[in-house]
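Q: The structure under discussion is supplied below as structure tokens; questions concerning it will follow.
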Amino acid sequence: MRKAGGFEVVIDGVGNQQSISQSIQLCKPGGRVVVYGVPLQGELALPVLEAFRKDLSLHISRLYPRSFDAGFALLQRRQLDLETVITTRIRLAQAPEAIRDLSERRGEMIKILIDPRGGET
């Protein structure tokens with residue numbers, strides 16, 4: 001959600017120097033930058049002083065691609081109960097509000113399923 005002076009949360013799915021730097025620039029003071037993109041370089045030069053001055057929280061999340069095959073196999077064999085993991089189902093239009101609620105830790109959400117087709121909630 002964009003507030004005066006930037007966004008409260010910026011999510012970076014690219015993970016390179018340019019995208020993370022831009023995420024820091026777009027984030028409002030006291031905001032949060034979440035990076036789940038996988039950097040191809042071992043080290044990145046980032047505007048750390050700007051992030052410090054804006055009192056930003058930087059969250060790095062790692063993807064586990066080797067887990068996907070095992071997870072898909074469990075789904076195919078119906079050995080994984082998604083109903084215990086997916087706590088909220090929403091339409092795409094409801095995503096901004098759900099992300100805001102999640103970031104403000106409102107409710108008991110674990111995983112949100114966003115149906116881009118606008119299915120039942």
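Ordering of the structure tokens sets the chain letters (A, B, ...), residue numbers begin anew at 1 in every chain, and ligands are numbered from 1 in the order given.
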Would you kindly return, as a count of residues only, each protein, DNA or RNA residue with an atom no farther than 9 Å from any atom of A:Asn16, considering only C-alpha atoms and excluding same-chain residues fewer than 6 positions away?
A: 6
Q: Step one, run DSSP on the backbone; step two, keep only residues of chain A assigned to strand (DSSP E or B); then write them as a ChimeraX atom specification.
A: /A:2-3,6-12,27-35,57-60,86-91,111-115
Q: Please provide as a PyMOL selection string all residues within 12 Å of A:Glu50, with the sequence filter that same-chain residues fewer than 2 positions apart are discarded (counting only C-alpha atoms).
A: chain A and resi 21-30+46-48+52-57
Q: Between atom CA of A:Tyr36 and atom CA of A:Gln18, what is the distance in Å, rounded to a tenth?
A: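 Value for the atom CA of A:Tyr36-atom CA of A:Gln18 distance: 14.4 Å.
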Q: Tell me which protein, DNA and RNA residues are within 7 Å of stretch 107-113 of chain A, counting only C-alpha atoms, leaving out same-chain ones fewer than 3 positions away, and put them as number ranges by chain.
A: A: 85-90, 102
Q: Go ahead and save the picked residues with N, CA and C atoms, as a compact mmCIF listing (two decimals), in the first residue's frame.
A:
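Wrote part-v9.txt, looks like this:
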```txt
# COMPACT_ATOMS: atom_id res chain seq x y z
N VAL A 85 -3.05 -25.98 5.92
CA VAL A 85 -2.05 -24.96 5.64
C VAL A 85 -2.69 -23.69 5.10
N ILE A 86 -3.61 -23.83 4.15
CA ILE A 86 -4.26 -22.67 3.55
C ILE A 86 -5.38 -22.23 4.48
N THR A 87 -5.13 -21.13 5.16
CA THR A 87 -6.09 -20.66 6.15
C THR A 87 -7.05 -19.62 5.59
N THR A 88 -6.68 -19.02 4.45
CA THR A 88 -7.49 -17.94 3.89
C THR A 88 -7.53 -18.08 2.38
N ARG A 89 -8.71 -17.98 1.80
CA ARG A 89 -8.89 -17.99 0.34
C ARG A 89 -9.55 -16.68 -0.05
N ILE A 90 -8.94 -16.01 -1.04
CA ILE A 90 -9.46 -14.70 -1.44
C ILE A 90 -9.46 -14.56 -2.95
N LEU A 102 -2.05 -9.17 6.81
CA LEU A 102 -0.95 -10.09 7.10
C LEU A 102 0.26 -9.32 7.63
```
